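To keep things clear, I will list the structure first and then write my remarks on it.
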Amino acid sequence: MMITITEAAQNHFVKLLSSQPKGTQIRVFVVNPGNPTAECSVSYCPADSVESTDTHLKFNLFSVFVDPISAPYLNEAAIDFMTDELGSQLTLKVPNAKVRKVDDDAPLIERVDYILQSQINPQLANHGGRVTLMEITDDAFAILQFGGGCNGCSMVDVTLKEGIEKELLQQFPELKGVKDLTEHRRGEHSFY
């Protein structure tokens with residue numbers, strides 16, 4: 001199923017829906033899908049707002065509706081309801097909201113770019129940096145361009161070889177290596 005909803009979250013939704021007009025269900029959607037600013041949201045879905053193009057997911061006591069634009073970005077999403085000493089909250093894990101998951105048989109450049117966007121860039125973002133895949137050469141090297149805080153950083157070679165290259169070669173044995181397109185020079189935009 002596209003979205004996993006834990007039993008605790010399902011019980012929470014049933015309780016919320018019990019105070020809504022009859023026929024109200026749940027809608028899950030992504031705002032700014034495929035963008036670094038993407039956010040997943042949950043709302044009530046009155047019966048008259050269901051569209052024929054929506055994906056309909058049936059759970060025990062309620063249904064979830066997803067619009068066609070959000071659907072590909074909600075692949076592998078998980079909704080949980082957690083309670084601790086601070087209270088309780090609904091948690092949404094949506095690994096593909098910021099970048100659409102690609103199929104295993106997609107071209108190599110798309111699969112490498114997906115790993116960079118979904119796994120590597122979120123780590124680099126902690127330092128204000130990012131990496132962009134420029135091309136994959138005929139001799140199987142991924143050419144990357146660093147930006148943001150990575151530009152001018154003295155650790156970029158270590159990040160490239162020990163981090164990114166290791167990760168990509170492990171996932172894509174057909175790659176020979178990773179090369180950096182960017183000339184690294186220090187500037188006021190660099191993060192130290």
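Chain labels A, B, ... are given in the sequence in which chains occur in the structure tokens; within each chain residues are numbered consecutively from 1, and ligands are likewise numbered from 1 in the order shown.
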
Find the residues around A:Ile136 up to 10 Å (only C-alpha atoms counted), leave out those fewer than 4 positions away in its own chain, and share them as a list in words.
->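 So, after excluding close chain neighbours, the residues are Leu108, Ile109, Val112, Ala140, Phe141, Ala142, Ile143, Leu144, Leu175, Gly177, Val178 and Lys179 of chain A.
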
Those same residues, written as a compact mmCIF listing (two decimals), in the first residue's frame with C-alpha atoms?
# COMPACT_ATOMS: atom_id res chain seq x y z
CA LEU A 108 21.15 5.27 -14.32
CA ILE A 109 21.33 9.09 -14.25
CA VAL A 112 21.77 8.28 -9.09
CA ALA A 140 30.90 5.61 -15.97
CA PHE A 141 31.96 8.52 -13.74
CA ALA A 142 29.29 10.61 -12.02
CA ILE A 143 30.22 14.29 -12.38
CA LEU A 144 28.96 16.31 -9.42
CA LEU A 175 29.67 3.36 -11.66
CA GLY A 177 33.67 6.67 -9.47
CA VAL A 178 32.68 10.24 -8.73
CA LYS A 179 34.38 13.44 -9.89

Give the helix (DSSP H, G or I) residues of stretch 8-191 of chain A, as DSSP finds them on the backbone, and put them as an NGL selection string.
-> :A and (8-17 or 47-49 or 71-74 or 108-127 or 156-171)

Per-residue nearest contacts stretch 48-147 of chain A to stretch 9-19 of chain A, cut-off 7 Å, using only C-alpha atoms, as CSV:
residue,atom,partner,partner_atom,distance
A:Leu61,CA,A:Val14,CA,6.8
A:Ile79,CA,A:Ala9,CA,6.6
A:Asp80,CA,A:Ala9,CA,5.0
A:Phe81,CA,A:Ala9,CA,4.5

How many Å lie between atom CA of A:Ile3 and atom CA of A:Gly34, rounded to one decimal?
->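 Distance between the two atoms: 17.4 Å.
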
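For the set A:Gln20, A:Ser154, A:Thr91, A:Ser43, the residue with the smallest atom-to-atom gap to A:Thr4 is A:Thr91, counting only C-alpha atoms.
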